[in-house]
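Q: Quick one: structure below, then a few questions.
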Amino acid sequence: MITLVIGGCRSGKSSHALGLANALSGTRKLFIATSVPTDSEMENRVIKHQQERGNSWITAEEPLEIANIIDEKSGSSDVILVDCLTLWTSNLMFNNLDQPAIELKLQALASSLGRACCPVILVSNEVGAGIVPENALARQFRDLAGFVNQRIASVADRVVWMVAGIPVKIKPVTTV
Amino acid sequence: MITLVIGGCRSGKSSHALGLANALSGTRKLFIATSVPTDSEMENRVIKHQQERGNSWITAEEPLEIANIIDEKSGSSDVILVDCLTLWTSNLMFNNLDQPAIELKLQALASSLGRACCPVILVSNEVGAGIVPENALARQFRDLAGFVNQRIASVADRVVWMVAGIPVKIKPVTTV
Amino acid sequence: MITLVIGGCRSGKSSHALGLANALSGTRKLFIATSVPTDSEMENRVIKHQQERGNSWITAEEPLEIANIIDEKSGSSDVILVDCLTLWTSNLMFNNLDQPAIELKLQALASSLGRACCPVILVSNEVGAGIVPENALARQFRDLAGFVNQRIASVADRVVWMVAGIPVKIKPVTTV
C-alpha cells in the first residue's frame, strides 16, 4: 500500500502522514528525512521532530537516494514514511542533475515503491497553485515538483489532499 | 454550528459564506469585518460591501478582538459572519504580537467559537499552495496563516473548500 | 455538455482534458490554442503538442476571439477543447482591454458556451492559492483569472479539480 499525502504549506501533511503510519500495526517504523541539517539550528529542529515521533521510529537522513533505502529496508520495516518529496526534488536540482538523470531517479523511486514489502507513506507539497513565479529557477522547480507529484500519485494506491489539516481522499477516485 | 469557508483568492469564498448566512432563519445578522479602512478609497469599498449585504446586516469593524465580539454578541445574534481570518492574522503580525501572544489570541478565538450561542461562519484564504516566497516575512505569514486555518478547521463542524466558486464540502470528512 | 478542467501548474490538466475529449465519439475534433507562438522555440513546442494529439485533431490558434470560433465551429465539430483560459485572460490584459471590454469578452464566451452544439472542454489554471504577489500587475491578473474561473465554472455542467494528475469532480456538487 503506497500513500501520497499532498498539500500546501502548513496544511497538516506531515502530521496526518505520521498519524496514518502510527495507526498501522508493527513496531519497526522507518522515517526517511530528505532534509539534511547543515547548521546547529536545523539540527535542533531535527532532534525535536525525532523526539515528537517517539522511540518507535528510526530516522534515516537521505537527501537523494531514497529509492535505495526503500529497497534495502522495506523487508525489515513495518512502515516507511518519506518526508518530503518536494525537498528531495529540490535536492536533485541543487545537485545539478540534468533532466535525464532526474528522470532516472524518479523512475527508480517509482520502481522501488512498486517492489516495497511494507506500506510506504510519502509527503509532498503542492507548489503550483499560485501565480507564475518571476524567478526562472522557481518556475523550473515548480514544473519539476509537479511532475514528481503526478508520477508518484500515479503509482500510489491512495492519495490524500490536505486542506487546513483536513484530509480529503482523492484516490481511489470516487465516481459521481 | 461553526463553518469555515476557505479557498484561494477570488474563489468565491465571501459570496458563498454570505449565501450560507442568508439562508439561515432569523434577522439579527452580525458581520465582523477584520479590514479597517485607512483611506477614503477603502471606506467607499466598505460602504459598497455593506450596501450589497443589505439592511439586515449590522457591521462591526474589528481588526484584532474578534473573540470578544463573538462572546458579547452571539447571544443576541442569529448568525455571525467573520470576513476574514487571513487579514486578522496579518493584523496580529503587524501589531507586533509575538508568537505566544498570537497563540493566546488564536486560543481565545477557538474558545469563543466553542461557546458561541449562534451559528458562526468564518472566511479564510489558502495562501500556502504556491512556490515558497523569497520574502522572509511572507514565509512567516504563510506559516502563521496555515496554522490559523488548521486550528479553526479543527474546531469547525463544517469546512468548505472553494474552487472557482464551487463549494467542496471537506468536513465532515467523507469515508471512501 | 460544458466541462471545466482546473488545477495548478503541472497538475495534469491538459492531459486529463485531452483524455476526456478523446473518449468521446466522433472524429471532428477542434483544439483552440490560446497560445500564439512568437519565436521558433515556441513554434517547435506547438508542433510537438500537435503531433502528440494526433491526426484526428485540427488546431486553431486564437489568442482572443475564442467565443467566435466556438460559435462558428461547434456545429461542425464533435468536440472542442480550449487550452487554456488563463493564457486567454493574460492575452486580454496585455491587449490593454479595460475592465468593461474584458467583461464583454467573458460574457461573449459564456454565451457561446450556452449555445454550443457540441461538447466543449476548457482548461484553466488556479493561480490564487499562494501568497499575495508583491507585483501589482500580478495581483490584478490573479483577480481577473479568478473571476474568469468562477464565471466559466458557473456555466459549466461539470468541473474537475486536478491535484497531482488526479481528477477530483467538484461539480455537479455532491451533497454530504
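Going through the C-alpha cells in order, the chains are called A, B, and so on, while each chain numbers its residues from 1 and the ligands are numbered from 1 in the order shown.
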Determine, using only C-alpha atoms, which residues of chain C have any atom at most 6 Å from an atom of chain A, and tabulate each with its shortest atom pair and distance in Å to one decimal place, rows ordered by chain and then rising number, as a tab-separated table.

A:
residue	atom	partner	partner_atom	distance
C:Gly8	CA	A:Ala129	CA	4.1
C:Cys9	CA	A:Gly128	CA	4.6
C:Arg10	CA	A:Gly146	CA	4.8
C:Glu126	CA	A:Ala129	CA	5.3
C:Val127	CA	A:Gly130	CA	4.2
C:Gly128	CA	A:Gly130	CA	5.1
C:Ala129	CA	A:Gly130	CA	5.0
C:Gly130	CA	A:Gly130	CA	4.1
C:Ala164	CA	A:Gln150	CA	4.2
C:Gly165	CA	A:Gln150	CA	5.0

Q: What does chain A look like after a least-squares fit onto chain C on every Cα paired in order, written as a short mmCIF file (atom, residue, chain, number, x, y, z; two decimals) with C-alpha atoms, in the first residue's frame?

A:
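Done, and the output landed in part07.cif:
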data_model
loop_
_atom_site.label_atom_id
_atom_site.label_comp_id
_atom_site.auth_asym_id
_atom_site.auth_seq_id
_atom_site.Cartn_x
_atom_site.Cartn_y
_atom_site.Cartn_z
CA MET A 1 -22.02 19.46 -22.09
CA ILE A 2 -19.50 22.08 -20.93
CA THR A 3 -16.55 20.85 -18.85
CA LEU A 4 -14.00 22.99 -17.00
CA VAL A 5 -10.74 21.29 -15.99
CA ILE A 6 -8.94 23.46 -13.45
CA GLY A 7 -5.80 22.98 -11.39
CA GLY A 8 -2.36 24.28 -10.50
CA CYS A 9 0.69 24.25 -12.73
CA ARG A 10 1.72 20.70 -13.75
CA SER A 11 -1.35 19.17 -12.15
CA GLY A 12 -2.17 17.17 -15.30
CA LYS A 13 -4.99 19.46 -16.54
CA SER A 14 -4.23 19.39 -20.28
CA SER A 15 -3.59 15.69 -20.34
CA HIS A 16 -6.82 14.91 -18.48
CA ALA A 17 -8.82 17.26 -20.72
CA LEU A 18 -7.38 15.58 -23.81
CA GLY A 19 -8.30 12.19 -22.39
CA LEU A 20 -11.89 13.32 -21.76
CA ALA A 21 -12.12 14.63 -25.34
CA ASN A 22 -10.63 11.53 -26.92
CA ALA A 23 -13.07 9.33 -25.00
CA LEU A 24 -15.97 11.00 -26.85
CA SER A 25 -17.29 9.53 -30.07
CA GLY A 26 -16.85 11.41 -33.34
CA THR A 27 -13.76 12.28 -35.29
CA ARG A 28 -14.14 16.03 -35.84
CA LYS A 29 -12.03 17.36 -32.99
CA LEU A 30 -11.09 21.05 -32.74
CA PHE A 31 -8.30 22.28 -30.47
CA ILE A 32 -8.33 26.02 -29.72
CA ALA A 33 -4.86 27.07 -28.59
CA THR A 34 -4.84 30.47 -26.89
CA SER A 35 -1.03 30.49 -27.05
CA VAL A 36 0.27 32.03 -30.24
CA PRO A 37 3.95 31.25 -30.84
CA THR A 38 6.18 34.29 -31.23
CA ASP A 39 9.51 32.53 -31.81
CA SER A 40 10.84 29.29 -33.27
CA GLU A 41 11.25 27.61 -29.86
CA MET A 42 7.55 28.10 -29.10
CA GLU A 43 6.68 27.04 -32.64
CA ASN A 44 8.53 23.77 -32.15
CA ARG A 45 6.68 23.15 -28.88
CA VAL A 46 3.36 23.79 -30.61
CA ILE A 47 4.24 21.36 -33.42
CA LYS A 48 5.26 18.77 -30.81
CA HIS A 49 1.93 19.19 -28.99
CA GLN A 50 0.02 18.85 -32.26
CA GLN A 51 1.84 15.62 -33.06
CA GLU A 52 1.04 14.29 -29.58
CA ARG A 53 -2.66 14.99 -30.14
CA GLY A 54 -2.55 13.03 -33.40
CA ASN A 55 -4.17 13.48 -36.79
CA SER A 56 -7.74 13.46 -35.55
CA TRP A 57 -7.29 16.99 -34.16
CA ILE A 58 -7.47 20.29 -36.07
CA THR A 59 -5.73 23.18 -34.28
CA ALA A 60 -6.91 26.80 -34.30
CA GLU A 61 -4.55 29.35 -32.76
CA GLU A 62 -6.58 32.21 -31.35
CA PRO A 63 -5.39 34.47 -28.52
CA LEU A 64 -8.64 36.45 -28.01
CA GLU A 65 -11.73 35.61 -30.07
CA ILE A 66 -12.44 32.09 -28.80
CA ALA A 67 -16.17 32.83 -28.47
CA ASN A 68 -16.36 33.48 -32.23
CA ILE A 69 -14.63 30.21 -33.05
CA ILE A 70 -16.96 28.25 -30.77
CA ASP A 71 -19.96 29.92 -32.47
CA GLU A 72 -18.62 29.21 -35.95
CA LYS A 73 -17.29 25.70 -35.46
CA SER A 74 -19.37 23.90 -32.82
CA GLY A 75 -21.97 22.90 -35.44
CA SER A 76 -19.37 21.08 -37.50
CA SER A 77 -17.30 19.65 -34.61
CA ASP A 78 -17.74 16.62 -32.35
CA VAL A 79 -15.76 18.21 -29.54
CA ILE A 80 -13.91 21.48 -28.92
CA LEU A 81 -11.02 21.71 -26.47
CA VAL A 82 -9.86 25.18 -25.30
CA ASP A 83 -6.36 25.25 -23.75
CA CYS A 84 -6.19 27.48 -21.81
CA LEU A 85 -8.36 30.20 -20.26
CA THR A 86 -5.56 31.57 -18.09
CA LEU A 87 -3.44 32.46 -21.09
CA TRP A 88 -6.56 33.93 -22.74
CA THR A 89 -7.04 36.11 -19.64
CA SER A 90 -3.41 37.17 -19.89
CA ASN A 91 -3.88 37.98 -23.60
CA LEU A 92 -6.92 40.14 -22.76
CA MET A 93 -4.87 42.08 -20.21
CA PHE A 94 -1.83 42.54 -22.45
CA ASN A 95 -4.00 43.81 -25.27
CA ASN A 96 -4.90 46.64 -22.94
CA LEU A 97 -8.60 45.89 -22.86
CA ASP A 98 -10.21 47.79 -20.00
CA GLN A 99 -12.47 46.16 -17.41
CA PRO A 100 -15.77 46.67 -19.31
CA ALA A 101 -14.22 45.33 -22.54
CA ILE A 102 -12.90 42.28 -20.70
CA GLU A 103 -16.35 41.76 -19.13
CA LEU A 104 -17.86 41.78 -22.62
CA LYS A 105 -15.38 39.16 -23.88
CA LEU A 106 -16.13 36.98 -20.85
CA GLN A 107 -19.86 37.42 -21.37
CA ALA A 108 -19.45 36.53 -25.05
CA LEU A 109 -17.53 33.36 -24.12
CA ALA A 110 -20.16 32.31 -21.56
CA SER A 111 -22.93 32.92 -24.12
CA SER A 112 -21.14 30.95 -26.83
CA LEU A 113 -20.79 28.03 -24.41
CA GLY A 114 -24.53 28.21 -23.74
CA ARG A 115 -25.21 27.97 -27.50
CA ALA A 116 -22.54 25.38 -28.34
CA CYS A 117 -23.80 22.44 -30.44
CA CYS A 118 -21.02 20.07 -29.34
CA PRO A 119 -19.26 19.29 -26.06
CA VAL A 120 -16.70 21.93 -25.10
CA ILE A 121 -13.87 21.23 -22.66
CA LEU A 122 -11.93 24.17 -21.24
CA VAL A 123 -8.64 24.09 -19.33
CA SER A 124 -7.75 26.73 -16.74
CA ASN A 125 -5.20 27.39 -14.01
CA GLU A 126 -5.73 28.00 -10.33
CA VAL A 127 -3.38 30.91 -9.60
CA GLY A 128 -4.89 32.26 -6.36
CA ALA A 129 -3.81 29.78 -3.66
CA GLY A 130 -0.36 31.19 -2.98
CA ILE A 131 0.80 34.24 -1.12
CA VAL A 132 -0.38 37.68 -2.33
CA PRO A 133 2.06 38.75 -5.09
CA GLU A 134 4.16 41.88 -4.44
CA ASN A 135 3.76 42.90 -8.09
CA ALA A 136 0.58 44.96 -8.64
CA LEU A 137 0.04 43.67 -12.18
CA ALA A 138 0.31 40.09 -10.88
CA ARG A 139 -2.37 40.87 -8.26
CA GLN A 140 -4.64 42.34 -10.93
CA PHE A 141 -4.10 39.30 -13.15
CA ARG A 142 -4.76 36.95 -10.25
CA ASP A 143 -8.06 38.67 -9.52
CA LEU A 144 -9.11 38.56 -13.15
CA ALA A 145 -8.10 34.91 -13.64
CA GLY A 146 -10.16 34.03 -10.57
CA PHE A 147 -13.22 35.86 -11.88
CA VAL A 148 -12.89 34.10 -15.24
CA ASN A 149 -12.67 30.73 -13.49
CA GLN A 150 -15.76 31.46 -11.38
CA ARG A 151 -17.75 32.66 -14.36
CA ILE A 152 -16.94 29.70 -16.61
CA ALA A 153 -17.39 27.24 -13.72
CA SER A 154 -20.86 28.71 -13.13
CA VAL A 155 -21.96 27.91 -16.70
CA ALA A 156 -20.15 24.55 -16.85
CA ASP A 157 -22.10 21.32 -16.36
CA ARG A 158 -19.01 19.65 -14.97
CA VAL A 159 -15.95 20.99 -13.15
CA VAL A 160 -12.90 18.83 -12.43
CA TRP A 161 -10.23 19.94 -9.93
CA MET A 162 -6.83 18.42 -10.69
CA VAL A 163 -4.32 17.51 -7.96
CA ALA A 164 -1.11 15.67 -8.90
CA GLY A 165 -2.78 14.24 -12.01
CA ILE A 166 -5.82 13.00 -10.05
CA PRO A 167 -9.20 14.31 -11.28
CA VAL A 168 -11.51 15.39 -8.46
CA LYS A 169 -15.08 15.99 -9.62
CA ILE A 170 -16.38 19.06 -7.81
CA LYS A 171 -19.40 19.92 -10.00
CA PRO A 172 -22.11 18.64 -10.05
CA VAL A 173 -21.83 19.38 -6.32
CA THR A 174 -22.19 16.26 -4.16
CA THR A 175 -24.30 16.51 -1.04
CA VAL A 176 -22.67 15.27 2.14
#

Q: Could you give me the residues within segment 25-170 of chain C that DSSP places in alpha helix (DSSP H), as JSON, numbers by chain?

A: {"C": [40, 41, 42, 43, 44, 45, 46, 47, 48, 49, 50, 51, 52, 53, 66, 67, 68, 69, 70, 71, 72, 73, 85, 86, 87, 88, 89, 90, 91, 92, 93, 94, 99, 100, 101, 102, 103, 104, 105, 106, 107, 108, 109, 110, 111, 112, 113, 114, 115, 136, 137, 138, 139, 140, 141, 142, 143, 144, 145, 146, 147, 148, 149, 150, 151, 152, 153, 154, 155]}

Q: Give me, as a list in words, the residues of segment 88-158 of chain B that a backbone DSSP run labels strand (DSSP E or B).

A: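 Across segment 88-158 of chain B, those assigned strand (DSSP E or B) are Val120, Ile121, Leu122, Val123, Ser124, Asn125 and Arg158 of chain B.
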
Q: Include C-alpha atoms and write out the residues we just selected as a PDB file, in the first residue's frame.

A:
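So again.pdb came out as:
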ATOM      1  CA  VAL B 120     -20.670  31.466  13.197  1.00  0.00           C
ATOM      2  CA  ILE B 121     -19.298  31.403   9.646  1.00  0.00           C
ATOM      3  CA  LEU B 122     -15.631  32.321   9.100  1.00  0.00           C
ATOM      4  CA  VAL B 123     -13.904  33.092   5.803  1.00  0.00           C
ATOM      5  CA  SER B 124     -10.203  32.403   5.281  1.00  0.00           C
ATOM      6  CA  ASN B 125      -7.625  32.245   2.486  1.00  0.00           C
ATOM      7  CA  ARG B 158     -18.156  22.143   8.700  1.00  0.00           C
TER       8      ARG B 158
END
